[in-house]
$ cat query-v2.cif   # mmCIF, C-alpha atoms
data_structure
loop_
_atom_site.label_atom_id
_atom_site.label_comp_id
_atom_site.auth_asym_id
_atom_site.auth_seq_id
_atom_site.Cartn_x
_atom_site.Cartn_y
_atom_site.Cartn_z
CA MET X 1 -18.26 -12.76 17.62
CA SER X 2 -18.45 -11.54 21.18
CA LYS X 3 -15.54 -9.19 20.53
CA THR X 4 -17.57 -7.64 17.75
CA ASP X 5 -20.48 -7.21 20.12
CA ASP X 6 -18.19 -5.52 22.63
CA LEU X 7 -16.99 -3.20 19.93
CA ILE X 8 -20.54 -2.27 19.03
CA ILE X 9 -21.38 -1.48 22.64
CA GLN X 10 -18.25 0.61 22.91
CA LEU X 11 -18.92 2.49 19.68
CA SER X 12 -22.54 3.20 20.44
CA GLY X 13 -21.49 4.92 23.66
CA SER X 14 -19.53 7.65 21.91
CA PRO X 15 -21.02 11.06 21.18
CA VAL X 16 -22.97 11.75 17.99
CA ARG X 17 -21.42 13.49 15.07
CA ALA X 18 -23.67 15.60 12.89
CA PRO X 19 -23.70 14.78 9.19
CA LEU X 20 -21.32 16.92 7.10
CA ARG X 21 -23.09 19.74 5.32
CA GLN X 22 -21.87 20.51 1.84
CA ARG X 23 -22.73 24.18 2.09
CA ARG X 24 -20.80 24.65 5.26
CA LEU X 25 -17.80 22.87 3.80
CA ALA X 26 -18.01 24.96 0.64
CA ALA X 27 -18.10 28.13 2.72
CA ILE X 28 -15.02 27.11 4.71
CA ALA X 29 -13.18 26.14 1.54
CA THR X 30 -14.02 29.46 -0.10
CA LEU X 31 -12.77 31.29 2.94
CA ALA X 32 -9.51 29.33 2.90
CA MET X 33 -8.88 30.64 -0.63
CA LEU X 34 -10.31 34.10 -0.14
CA VAL X 35 -8.27 35.10 2.91
CA PRO X 36 -4.77 34.72 1.40
CA VAL X 37 -5.94 36.29 -1.86
CA ALA X 38 -7.50 39.25 -0.03
CA LEU X 39 -4.32 39.79 1.98
CA PHE X 40 -2.24 39.61 -1.19
CA LEU X 41 -4.44 42.11 -3.05
CA ALA X 42 -4.56 44.39 -0.01
CA GLU X 43 -0.78 44.42 0.09
CA PHE X 44 0.05 44.65 -3.61
CA GLY X 45 -3.20 46.07 -4.97
CA MET X 46 -5.16 45.15 -8.03
CA ARG X 47 -3.73 46.09 -11.40
CA ARG X 48 -4.25 49.68 -12.41
CA GLY X 49 -7.27 50.26 -14.60
CA LEU X 50 -8.76 46.83 -14.03
CA MET X 51 -12.19 48.00 -15.16
CA SER X 52 -10.94 49.39 -18.44
CA ALA X 53 -8.78 46.32 -18.98
CA TRP X 54 -11.97 44.27 -18.80
CA SER X 55 -13.09 45.83 -22.07
CA ASN X 56 -10.80 43.18 -23.53
CA PRO X 57 -12.63 39.83 -23.12
CA VAL X 58 -9.31 38.00 -22.90
CA VAL X 59 -8.63 39.78 -19.62
CA ILE X 60 -12.01 38.72 -18.27
CA LEU X 61 -11.33 35.12 -19.29
CA LYS X 62 -8.01 35.27 -17.47
CA THR X 63 -10.04 35.44 -14.24
CA LEU X 64 -13.12 33.50 -15.29
CA LEU X 65 -11.35 30.38 -16.57
CA PRO X 66 -9.53 29.57 -13.32
CA LEU X 67 -12.64 30.58 -11.39
CA GLY X 68 -14.73 28.10 -13.38
CA ILE X 69 -12.17 25.33 -12.87
CA CYS X 70 -12.08 26.13 -9.16
CA GLY X 71 -15.88 25.98 -8.86
CA LEU X 72 -16.15 22.68 -10.69
CA SER X 73 -13.30 21.14 -8.71
CA LEU X 74 -14.81 22.21 -5.42
CA VAL X 75 -18.14 20.63 -6.36
CA LEU X 76 -16.42 17.38 -7.34
CA LEU X 77 -14.22 17.41 -4.25
CA LEU X 78 -17.21 17.81 -1.95
CA ARG X 79 -19.10 15.14 -3.81
CA LEU X 80 -16.28 12.66 -3.26
CA ILE X 81 -16.49 13.22 0.47
CA ARG X 82 -19.16 10.52 0.50
CA PRO X 83 -17.59 7.08 0.10
CA GLU X 84 -20.12 5.85 -2.44
CA ALA X 85 -19.76 8.91 -4.69
CA ARG X 86 -18.15 8.83 -8.11
CA ILE X 87 -17.17 11.71 -10.32
CA GLY X 88 -18.71 10.18 -13.40
CA ARG X 89 -19.57 12.44 -16.27
CA ALA X 90 -19.13 15.63 -14.30
CA GLY X 91 -15.43 15.27 -15.07
CA TYR X 92 -16.19 16.30 -18.64
CA GLY X 93 -17.02 19.71 -17.23
CA TYR X 94 -13.32 20.52 -17.50
CA ALA X 95 -13.51 20.20 -21.27
CA ALA X 96 -15.03 23.66 -21.78
CA PRO X 97 -12.56 25.81 -19.78
CA VAL X 98 -9.59 23.78 -21.02
CA ALA X 99 -10.75 24.09 -24.62
CA VAL X 100 -11.22 27.86 -24.27
CA ALA X 101 -7.75 28.18 -22.71
CA LEU X 102 -6.17 26.19 -25.53
CA LEU X 103 -8.01 28.26 -28.15
CA LEU X 104 -6.78 31.46 -26.52
CA TRP X 105 -3.25 30.11 -26.57
CA ALA X 106 -3.43 28.99 -30.19
CA GLY X 107 -5.12 32.20 -31.29
CA ALA X 108 -2.43 34.30 -29.65
CA PHE X 109 0.30 32.16 -31.13
CA ILE X 110 -1.05 32.63 -34.64
CA SER X 111 -1.86 36.32 -34.37
CA ARG X 112 1.38 37.48 -32.78
CA ALA X 113 4.62 38.14 -34.53
CA PRO X 114 7.23 35.48 -33.62
CA GLN X 115 9.33 37.84 -31.51
CA ALA X 116 6.28 39.11 -29.61
CA ARG X 117 5.04 35.68 -28.65
CA PHE X 118 7.13 34.96 -25.60
CA ALA X 119 8.42 38.47 -25.00
CA GLU X 120 7.13 38.53 -21.40
CA VAL X 121 8.95 35.39 -20.35
CA GLY X 122 11.79 36.29 -18.04
CA THR X 123 13.15 35.41 -14.65
CA PHE X 124 11.27 38.18 -12.92
CA SER X 125 7.90 37.61 -14.58
CA LEU X 126 8.08 33.87 -14.06
CA THR X 127 9.13 34.16 -10.43
CA GLU X 128 6.36 36.66 -9.81
CA CYS X 129 3.68 34.60 -11.51
CA LEU X 130 4.65 31.06 -10.47
CA GLY X 131 5.96 32.17 -7.09
CA SER X 132 2.83 34.10 -6.15
CA ILE X 133 0.42 31.37 -7.20
CA LEU X 134 2.42 28.65 -5.45
CA MET X 135 2.77 30.66 -2.25
CA LEU X 136 -0.88 31.67 -2.24
CA SER X 137 -1.88 28.02 -2.71
CA ILE X 138 -0.25 26.79 0.47
CA VAL X 139 -2.93 27.89 2.94
CA PRO X 140 -5.94 26.70 0.92
CA LEU X 141 -4.12 23.45 0.04
CA VAL X 142 -3.60 22.61 3.70
CA GLY X 143 -7.05 23.87 4.68
CA LEU X 144 -8.85 21.90 2.01
CA LEU X 145 -6.88 18.76 2.84
CA MET X 146 -7.99 19.08 6.45
CA LEU X 147 -11.53 19.55 5.26
CA ALA X 148 -11.34 16.53 2.99
CA ARG X 149 -10.01 14.42 5.85
CA GLN X 150 -13.35 14.75 7.60
CA GLY X 151 -14.89 13.01 4.65
CA ALA X 152 -14.44 9.45 3.48
CA SER X 153 -13.19 9.58 -0.05
CA THR X 154 -12.63 6.12 -1.47
CA ALA X 155 -10.29 7.71 -4.04
CA PRO X 156 -7.76 9.55 -1.84
CA GLN X 157 -5.36 10.35 -4.64
CA LEU X 158 -8.09 11.80 -6.83
CA SER X 159 -9.49 13.78 -3.94
CA GLY X 160 -6.01 15.09 -3.20
CA ALA X 161 -5.61 16.17 -6.81
CA LEU X 162 -8.97 17.94 -6.64
CA VAL X 163 -7.87 19.70 -3.46
CA GLY X 164 -4.78 20.98 -5.27
CA LEU X 165 -6.74 21.93 -8.36
CA THR X 166 -9.39 23.78 -6.36
CA ALA X 167 -6.87 25.63 -4.20
CA ALA X 168 -4.53 26.62 -7.03
CA SER X 169 -7.18 27.65 -9.55
CA GLY X 170 -9.02 29.59 -6.86
CA VAL X 171 -6.00 31.66 -5.87
CA THR X 172 -5.01 32.02 -9.53
CA ALA X 173 -8.36 33.66 -10.24
CA GLY X 174 -7.57 36.12 -7.45
CA TYR X 175 -3.98 36.64 -8.56
CA SER X 176 -5.15 37.41 -12.11
CA LEU X 177 -6.67 40.65 -10.78
CA PHE X 178 -3.14 41.78 -9.96
CA CYS X 179 -1.31 40.38 -12.96
CA THR X 180 -0.85 42.72 -15.94
CA ARG X 181 0.41 40.21 -18.48
CA ASP X 182 -2.51 39.72 -20.80
CA ASN X 183 -0.81 37.61 -23.44
CA PRO X 184 -2.53 34.21 -23.37
CA LEU X 185 0.76 32.61 -24.39
CA PHE X 186 2.06 33.78 -21.04
CA PHE X 187 -0.82 33.37 -18.66
CA VAL X 188 -2.37 30.19 -20.05
CA THR X 189 1.03 28.53 -19.97
CA TRP X 190 2.26 29.69 -16.60
CA TYR X 191 -1.02 29.74 -14.71
CA GLY X 192 -1.47 26.26 -16.11
CA VAL X 193 1.97 25.12 -14.97
CA ALA X 194 1.46 26.54 -11.48
CA ILE X 195 -1.98 24.93 -11.15
CA LEU X 196 -0.64 21.60 -12.38
CA ILE X 197 2.23 21.65 -9.89
CA VAL X 198 -0.15 22.22 -6.97
CA THR X 199 -2.52 19.56 -8.33
CA VAL X 200 0.26 16.98 -8.46
CA VAL X 201 1.40 17.93 -4.96
CA GLY X 202 -2.21 17.58 -3.79
CA ALA X 203 -2.49 14.13 -5.37
CA ILE X 204 0.74 12.92 -3.79
CA VAL X 205 -0.09 14.26 -0.34
CA GLY X 206 -3.75 13.28 -0.61
CA ARG X 207 -2.86 9.70 -1.35
CA ARG X 208 -1.32 9.50 2.09
CA VAL X 209 -3.33 11.83 4.27
CA LEU X 210 -6.79 11.18 2.87
CA GLN X 211 -6.66 7.49 3.62
CA TRP X 212 -8.84 6.23 6.42
CA MET F 1 -33.55 -5.46 7.63
CA THR F 2 -34.82 -3.16 4.96
CA GLU F 3 -33.11 -0.09 3.68
CA ASP F 4 -35.68 2.17 5.32
CA ALA F 5 -35.32 0.54 8.70
CA LEU F 6 -31.55 1.03 8.56
CA ALA F 7 -31.99 4.65 7.54
CA THR F 8 -34.47 5.24 10.36
CA LEU F 9 -32.04 3.80 12.89
CA LEU F 10 -29.15 5.85 11.61
CA LEU F 11 -31.26 9.00 11.55
CA ALA F 12 -32.23 8.38 15.16
CA ALA F 13 -28.57 7.73 16.00
CA ASN F 14 -27.68 11.10 14.52
CA VAL F 15 -29.87 12.81 17.08
CA ASP F 16 -28.15 11.02 19.93
CA ASP F 17 -30.27 7.90 20.27
CA ARG F 18 -27.54 5.53 21.40
CA GLN F 19 -29.79 2.52 21.47
CA ALA F 20 -30.75 3.12 17.88
CA TYR F 21 -27.08 3.41 17.00
CA ALA F 22 -26.23 0.13 18.70
CA GLN F 23 -29.18 -1.45 16.93
CA PHE F 24 -27.99 -0.05 13.62
CA LEU F 25 -24.49 -1.44 14.12
CA ARG F 26 -25.92 -4.83 15.13
CA ALA F 27 -28.15 -4.84 12.09
CA VAL F 28 -25.38 -4.06 9.64
CA THR F 29 -22.87 -6.50 11.15
CA PRO F 30 -24.30 -9.62 9.46
CA ILE F 31 -24.54 -7.71 6.17
CA ILE F 32 -20.89 -6.72 6.42
CA ARG F 33 -19.92 -10.21 7.52
CA GLY F 34 -21.56 -11.62 4.42
CA ILE F 35 -19.72 -9.26 2.12
CA VAL F 36 -16.40 -9.83 3.86
CA ARG F 37 -16.80 -13.58 3.59
CA ALA F 38 -17.63 -13.39 -0.08
CA ARG F 39 -14.94 -10.89 -0.97
CA SER F 40 -12.03 -12.02 1.18
CA ARG F 41 -11.92 -15.68 0.37
CA SER F 42 -8.21 -15.48 -0.15
CA LEU F 43 -7.67 -14.13 3.37
CA ALA F 44 -7.66 -16.60 6.22
CA PRO F 45 -11.15 -17.07 7.74
CA ASP F 46 -9.87 -16.13 11.19
CA GLN F 47 -9.11 -12.69 9.82
CA HIS F 48 -12.60 -12.12 8.51
CA GLU F 49 -13.93 -11.02 11.88
CA ASP F 50 -11.02 -8.57 12.20
CA ILE F 51 -12.04 -7.03 8.90
CA VAL F 52 -15.68 -6.90 10.02
CA GLN F 53 -14.52 -4.97 13.07
CA ASP F 54 -12.37 -2.68 10.91
CA VAL F 55 -15.44 -1.94 8.81
CA LEU F 56 -17.57 -1.23 11.89
CA LEU F 57 -14.90 1.13 13.16
CA ALA F 58 -14.70 2.86 9.80
CA ILE F 59 -18.48 3.26 9.74
CA HIS F 60 -18.27 4.75 13.18
CA ARG F 61 -15.41 7.13 12.38
CA LYS F 62 -17.00 8.22 9.12
CA ARG F 63 -20.62 8.24 10.27
CA GLN F 64 -20.81 11.95 9.50
CA THR F 65 -20.36 11.24 5.78
CA TRP F 66 -23.75 9.63 5.35
CA ASP F 67 -26.04 12.13 3.71
CA PRO F 68 -29.52 11.64 5.25
CA GLY F 69 -31.00 12.39 1.84
CA GLN F 70 -29.27 9.37 0.33
CA PRO F 71 -29.87 5.64 0.77
CA VAL F 72 -27.81 3.89 3.46
CA ARG F 73 -26.78 0.73 1.67
CA PRO F 74 -24.61 2.16 -1.11
CA TRP F 75 -22.81 4.14 1.58
CA LEU F 76 -22.39 1.03 3.70
CA TYR F 77 -21.17 -1.09 0.80
CA ALA F 78 -18.68 1.56 -0.30
CA ILE F 79 -17.13 1.68 3.17
CA THR F 80 -17.04 -2.12 3.39
CA ARG F 81 -15.42 -2.44 -0.01
CA TYR F 82 -12.84 0.18 0.82
CA LYS F 83 -11.88 -1.50 4.07
CA ILE F 84 -11.64 -4.94 2.47
CA ILE F 85 -9.22 -3.56 -0.11
CA ASP F 86 -7.40 -1.89 2.76
CA ALA F 87 -7.20 -5.21 4.59
CA TYR F 88 -5.62 -6.87 1.57
CA ARG F 89 -3.10 -4.10 1.27
CA LYS F 90 -2.17 -4.11 4.94
CA ARG F 91 -1.89 -7.83 5.27
CA GLY F 92 0.11 -8.37 2.13
CA VAL F 93 -2.19 -11.23 1.19
CA ALA F 94 0.25 -13.99 0.40
CA VAL F 95 1.79 -14.49 3.78
CA HIS F 96 -1.34 -15.47 5.64
CA LEU F 97 -2.63 -17.85 3.07
CA PRO F 98 -2.88 -21.56 3.23
CA ILE F 99 -1.79 -22.95 -0.07
CA GLU F 100 -5.17 -23.71 -1.59
CA ASP F 101 -6.33 -20.14 -1.03
CA TYR F 102 -3.15 -18.69 -2.35
CA ALA F 103 -3.79 -20.70 -5.45
CA ASP F 104 -6.66 -18.60 -6.68
CA VAL F 105 -4.86 -15.32 -6.11
CA LEU F 106 -2.08 -16.54 -8.32
CA ALA F 107 -4.53 -18.05 -10.71
CA ALA F 108 -6.17 -14.70 -11.27
CA GLU F 109 -2.85 -13.24 -12.20
CA GLN F 110 -1.14 -16.18 -13.69
CA ALA F 111 -3.97 -18.29 -15.08
CA ALA F 112 -2.07 -21.32 -13.87
CA ASP F 113 -1.37 -22.41 -10.38
CA PRO F 114 1.94 -24.08 -9.79
CA LEU F 115 1.18 -26.12 -6.72
CA ALA F 116 -2.51 -26.80 -6.51
CA ALA F 117 -2.68 -28.08 -10.04
CA ARG F 118 -0.03 -30.63 -9.15
CA ASP F 119 -0.66 -32.22 -5.84
CA ASP F 120 2.06 -34.64 -6.74
CA ARG F 121 4.73 -33.99 -4.14
CA ALA F 122 7.58 -35.13 -6.34
CA GLU F 123 6.59 -32.68 -9.02
CA VAL F 124 6.53 -29.85 -6.47
CA ASP F 125 9.96 -30.86 -5.22
CA HIS F 126 11.19 -30.90 -8.77
CA LEU F 127 9.90 -27.36 -9.33
CA LEU F 128 11.38 -26.18 -6.04
CA GLY F 129 14.70 -27.73 -7.04
CA GLN F 130 14.84 -25.37 -9.97
CA LEU F 131 14.69 -22.31 -7.73
CA ASP F 132 17.66 -20.94 -5.85
CA PRO F 133 17.93 -22.59 -2.41
CA ARG F 134 16.82 -19.55 -0.40
CA SER F 135 13.69 -19.01 -2.47
CA ALA F 136 12.91 -22.69 -2.30
CA GLU F 137 13.20 -22.60 1.47
CA VAL F 138 10.88 -19.58 1.63
CA VAL F 139 8.24 -21.42 -0.35
CA ARG F 140 8.68 -24.62 1.67
CA ALA F 141 8.41 -22.76 4.96
CA LEU F 142 5.54 -20.41 4.18
CA VAL F 143 3.45 -22.44 1.81
CA LEU F 144 4.13 -26.11 2.41
CA ARG F 145 4.80 -26.01 6.15
CA ASP F 146 2.59 -23.00 6.81
CA GLU F 147 5.09 -21.43 9.22
CA ALA F 148 4.53 -17.95 10.60
CA GLN F 149 5.96 -15.16 8.52
CA ALA F 150 7.82 -13.66 11.48
CA ASP F 151 9.60 -16.94 12.27
CA VAL F 152 10.70 -17.49 8.71
CA SER F 153 11.77 -13.90 8.43
CA ALA F 154 13.91 -14.20 11.56
CA ARG F 155 15.35 -17.60 10.71
CA LEU F 156 16.37 -16.72 7.16
CA GLN F 157 17.20 -13.12 8.06
CA ILE F 158 15.00 -11.67 5.36
CA SER F 159 12.89 -8.63 6.08
CA PRO F 160 9.12 -9.29 6.03
CA GLY F 161 8.74 -7.10 2.95
CA ASN F 162 11.43 -8.92 1.03
CA LEU F 163 10.03 -12.21 2.17
CA ARG F 164 6.70 -11.43 0.57
CA VAL F 165 8.38 -10.33 -2.62
CA MET F 166 10.51 -13.49 -2.69
CA LEU F 167 7.49 -15.68 -2.13
CA HIS F 168 5.56 -13.94 -4.85
CA ARG F 169 8.41 -14.17 -7.35
CA SER F 170 9.09 -17.77 -6.52
CA MET F 171 5.46 -18.73 -7.00
CA LYS F 172 5.44 -16.91 -10.32
CA ARG F 173 8.63 -18.59 -11.41
CA MET F 174 7.28 -21.98 -10.43
CA ALA F 175 4.14 -21.31 -12.39
CA GLN F 176 6.25 -20.58 -15.43
CA LEU F 177 8.41 -23.64 -14.92
CA GLY F 178 5.31 -25.73 -14.36
CA ARG F 179 3.72 -24.57 -17.57
CA ARG F 180 6.88 -25.24 -19.52
CA GLY F 181 6.81 -28.81 -18.33
CA GLU F 182 3.29 -29.36 -19.57
CA PRO F 183 2.73 -31.16 -22.82
#
$ encode --input "query-v2.cif" --output "C-alpha cells"
Amino acid sequence: MSKTDDLIIQLSGSPVRAPLRQRRLAAIATLAMLVPVALFLAEFGMRRGLMSAWSNPVVILKTLLPLGICGLSLVLLLRLIRPEARIGRAGYGYAAPVAVALLLWAGAFISRAPQARFAEVGTFSLTECLGSILMLSIVPLVGLLMLARQGASTAPQLSGALVGLTAASGVTAGYSLFCTRDNPLFFVTWYGVAILIVTVVGAIVGRRVLQW
Amino acid sequence: MTEDALATLLLAANVDDRQAYAQFLRAVTPIIRGIVRARSRSLAPDQHEDIVQDVLLAIHRKRQTWDPGQPVRPWLYAITRYKIIDAYRKRGVAVHLPIEDYADVLAAEQAADPLAARDDRAEVDHLLGQLDPRSAEVVRALVLRDEAQADVSARLQISPGNLRVMLHRSMKRMAQLGRRGEP
C-alpha cells in the first residue's frame, strides 16, 4: 500500500492540466479540415458557375450531405473523448443523410438511360475524385487523431473510425465545390467509397494509437 | 466520501491546489481498490495493487477529460473499468492464475471446469494422459506446479505467446474430455 501512497504523492506534485474544452477542440478540428481544403480550392478553384449550379438541389445536397455527416461525426467524436461517454441513440443521426444519399442514387438510377448511368466513370474521373479526397484527408486524419489522443476514449476503434469519418466527409464537402460531376450515381458512390476507406483506416489506426 | 466532496476536491486540483489533488487521489484509492478486487478475481491478488496504481496513473494522465459540469464517479468508474480490461489483456490472464481461479475463467467460457470439478488426482492424470506430451507438461508445470511462465517457456522452448495458447487449448480439450467421461 505504501507504494500506492508514494505514487499519489508523486502524482500530486505534477502541474495541473486544464479540462479539455469541447469548443476549442471543435475549432482546431475544423481548422485541420479547412486549411487543406482552402489550399486545394485556392489552387484549383471552385467549379465554374457554382451559384447557378446550386439552382439544382442535387448539387446543393452534394455538399450538404457530407457536411452533415462531418458535423455529426465531430460531435460524436468529441463526446467520446470522455471515458464514461457513449454514443447511444445519436448514432441514428446518420440515418437521415444516408437515406437521402441512397434515394438520390436510386432516383438517378431509375431516371437515367442505361448508357448514361455510369458514363462518367473512367480512370481520370476516379483518380481525380478518389485521389483528391484521400489526399485531402491525410492532414485532418492525423490532426484529429492527435486531438483524440488527448482524450480518453474507452472505445479507441470507434473513435478512430469517427476521426476518419469526420476528416473524410469534411474534406469531401469542400471538394464537392470543385467537382463538376453531378450525377448521384457517380458522386454518391465514389464519395462514399473514399469516405469509407478513410473511415476504415481511421478505425485501424485508432485502435492502436487511441489506447491509453 | 460523497460525490460532491470528490468533485470539490478535483475542481480545486484543477486550479493548482496540490493538496486537494493528493486528497482526491487518496479518497478515490479505496473506491478503486474495491472495484479492482471485485472485478479482477481471476487475477492474482498480488497484482490487484498494480492495477490500482495503473488506474491512479490513468486518472492522472487523463485528468483533463473530466468535464467539471459532469459527475465525477461515472468518469472514475469508466477509467477503472477500462484499465481493468487493459490489465487482463496485458497479463494474458491464464498464466498468472492459480488453478482454482483459472477455473472460473474457463467455466464462464466452457461451463465446465476440467480440473476443479475433479480434485481426484488420478482423474486429472488420466485426462492429461490423453493430451500430447508437450501440452500435458505445459499444464502440469503452469497449473499443477504453479511454475513461472518464463521458466516453463525457457525450459520447453516455447514462446510465451504460444505457451498461453497451448495452455488455453489444453484446458479446453481437457474440459471436453472430462465431459465425455461423465455419465
$ residues_around --input "query-v2.cif" --residues "Ala203 in chain X" --least-positions-apart "5" --cutoff "8 Å" --atoms "only C-alpha atoms" --output "PyMOL selection string"
chain X and resi 156-164
$ write_last_selection --input "query-v2.cif" --atoms "C-alpha atoms" --output "short mmCIF file (atom, residue, chain, number, x, y, z; two decimals), keeping the file's coordinate frame"
data_model
loop_
_atom_site.label_atom_id
_atom_site.label_comp_id
_atom_site.auth_asym_id
_atom_site.auth_seq_id
_atom_site.Cartn_x
_atom_site.Cartn_y
_atom_site.Cartn_z
CA PRO X 156 -7.76 9.55 -1.84
CA GLN X 157 -5.36 10.35 -4.64
CA LEU X 158 -8.09 11.80 -6.83
CA SER X 159 -9.49 13.78 -3.94
CA GLY X 160 -6.01 15.09 -3.20
CA ALA X 161 -5.61 16.17 -6.81
CA LEU X 162 -8.97 17.94 -6.64
CA VAL X 163 -7.87 19.70 -3.46
CA GLY X 164 -4.78 20.98 -5.27
#
$ closest_atom_pairs --input "query-v2.cif" --of "chain F" --to "chain X" --cutoff "6 Å" --atoms "all atoms listed in the file" --output "JSON lines"
{"residue": "F:Asn14", "atom": "CA", "partner": "X:Val16", "partner_atom": "CA", "distance": 5.9}
{"residue": "F:Asp16", "atom": "CA", "partner": "X:Val16", "partner_atom": "CA", "distance": 5.6}
{"residue": "F:Arg18", "atom": "CA", "partner": "X:Ser12", "partner_atom": "CA", "distance": 5.6}
{"residue": "F:Tyr21", "atom": "CA", "partner": "X:Ser12", "partner_atom": "CA", "distance": 5.7}
{"residue": "F:Ala22", "atom": "CA", "partner": "X:Ser12", "partner_atom": "CA", "distance": 5.1}
{"residue": "F:Gln64", "atom": "CA", "partner": "X:Pro19", "partner_atom": "CA", "distance": 4.1}
{"residue": "F:Thr65", "atom": "CA", "partner": "X:Arg82", "partner_atom": "CA", "distance": 5.5}
{"residue": "F:Pro74", "atom": "CA", "partner": "X:Glu84", "partner_atom": "CA", "distance": 6.0}
{"residue": "F:Trp75", "atom": "CA", "partner": "X:Glu84", "partner_atom": "CA", "distance": 5.1}
{"residue": "F:Ala78", "atom": "CA", "partner": "X:Glu84", "partner_atom": "CA", "distance": 5.0}
$ atom_distance --input "query-v2.cif" --atom1 "CA of Glu123 in chain F" --atom2 "CA of Leu177 in chain F"
10.9 Å
$ residues_around --input "query-v2.cif" --residues "Phe24 in chain F" --least-positions-apart "2" --cutoff "10 Å" --atoms "only C-alpha atoms" --output "PyMOL selection string"
(chain X and resi 8+12) or (chain F and resi 1+5-13+18-22+26-29)
$ residues_around --input "query-v2.cif" --residues "range 166-169 of chain F" --least-positions-apart "6" --cutoff "10 Å" --atoms "all atoms listed in the file" --output "PDB file with C-alpha atoms, keeping the file's coordinate frame"
ATOM      1  CA  ALA F  94       0.250 -13.990   0.400  1.00  0.00           C
ATOM      2  CA  VAL F  95       1.790 -14.490   3.780  1.00  0.00           C
ATOM      3  CA  LEU F 106      -2.080 -16.540  -8.320  1.00  0.00           C
ATOM      4  CA  ARG F 134      16.820 -19.550  -0.400  1.00  0.00           C
ATOM      5  CA  SER F 135      13.690 -19.010  -2.470  1.00  0.00           C
ATOM      6  CA  ALA F 136      12.910 -22.690  -2.300  1.00  0.00           C
ATOM      7  CA  GLU F 137      13.200 -22.600   1.470  1.00  0.00           C
ATOM      8  CA  VAL F 138      10.880 -19.580   1.630  1.00  0.00           C
ATOM      9  CA  VAL F 139       8.240 -21.420  -0.350  1.00  0.00           C
ATOM     10  CA  ARG F 140       8.680 -24.620   1.670  1.00  0.00           C
ATOM     11  CA  LEU F 142       5.540 -20.410   4.180  1.00  0.00           C
ATOM     12  CA  VAL F 143       3.450 -22.440   1.810  1.00  0.00           C
ATOM     13  CA  ILE F 158      15.000 -11.670   5.360  1.00  0.00           C
ATOM     14  CA  PRO F 160       9.120  -9.290   6.030  1.00  0.00           C
ATOM     15  CA  ALA F 175       4.140 -21.310 -12.390  1.00  0.00           C
TER      16      ALA F 175
END
$ resolve_selection --input "query-v2.cif" --expression "the PyMOL selection byres ((chain F and resi 87) around 12)" --output "JSON, numbers by chain"
{"X": [212], "F": [36, 39, 40, 42, 43, 44, 47, 48, 49, 50, 51, 52, 53, 54, 55, 80, 81, 82, 83, 84, 85, 86, 88, 89, 90, 91, 92, 93, 96]}
$ atom_distance --input "query-v2.cif" --atom1 "CA of Arg33 in chain F" --atom2 "CA of Glu3 in chain F"
17.1 Å
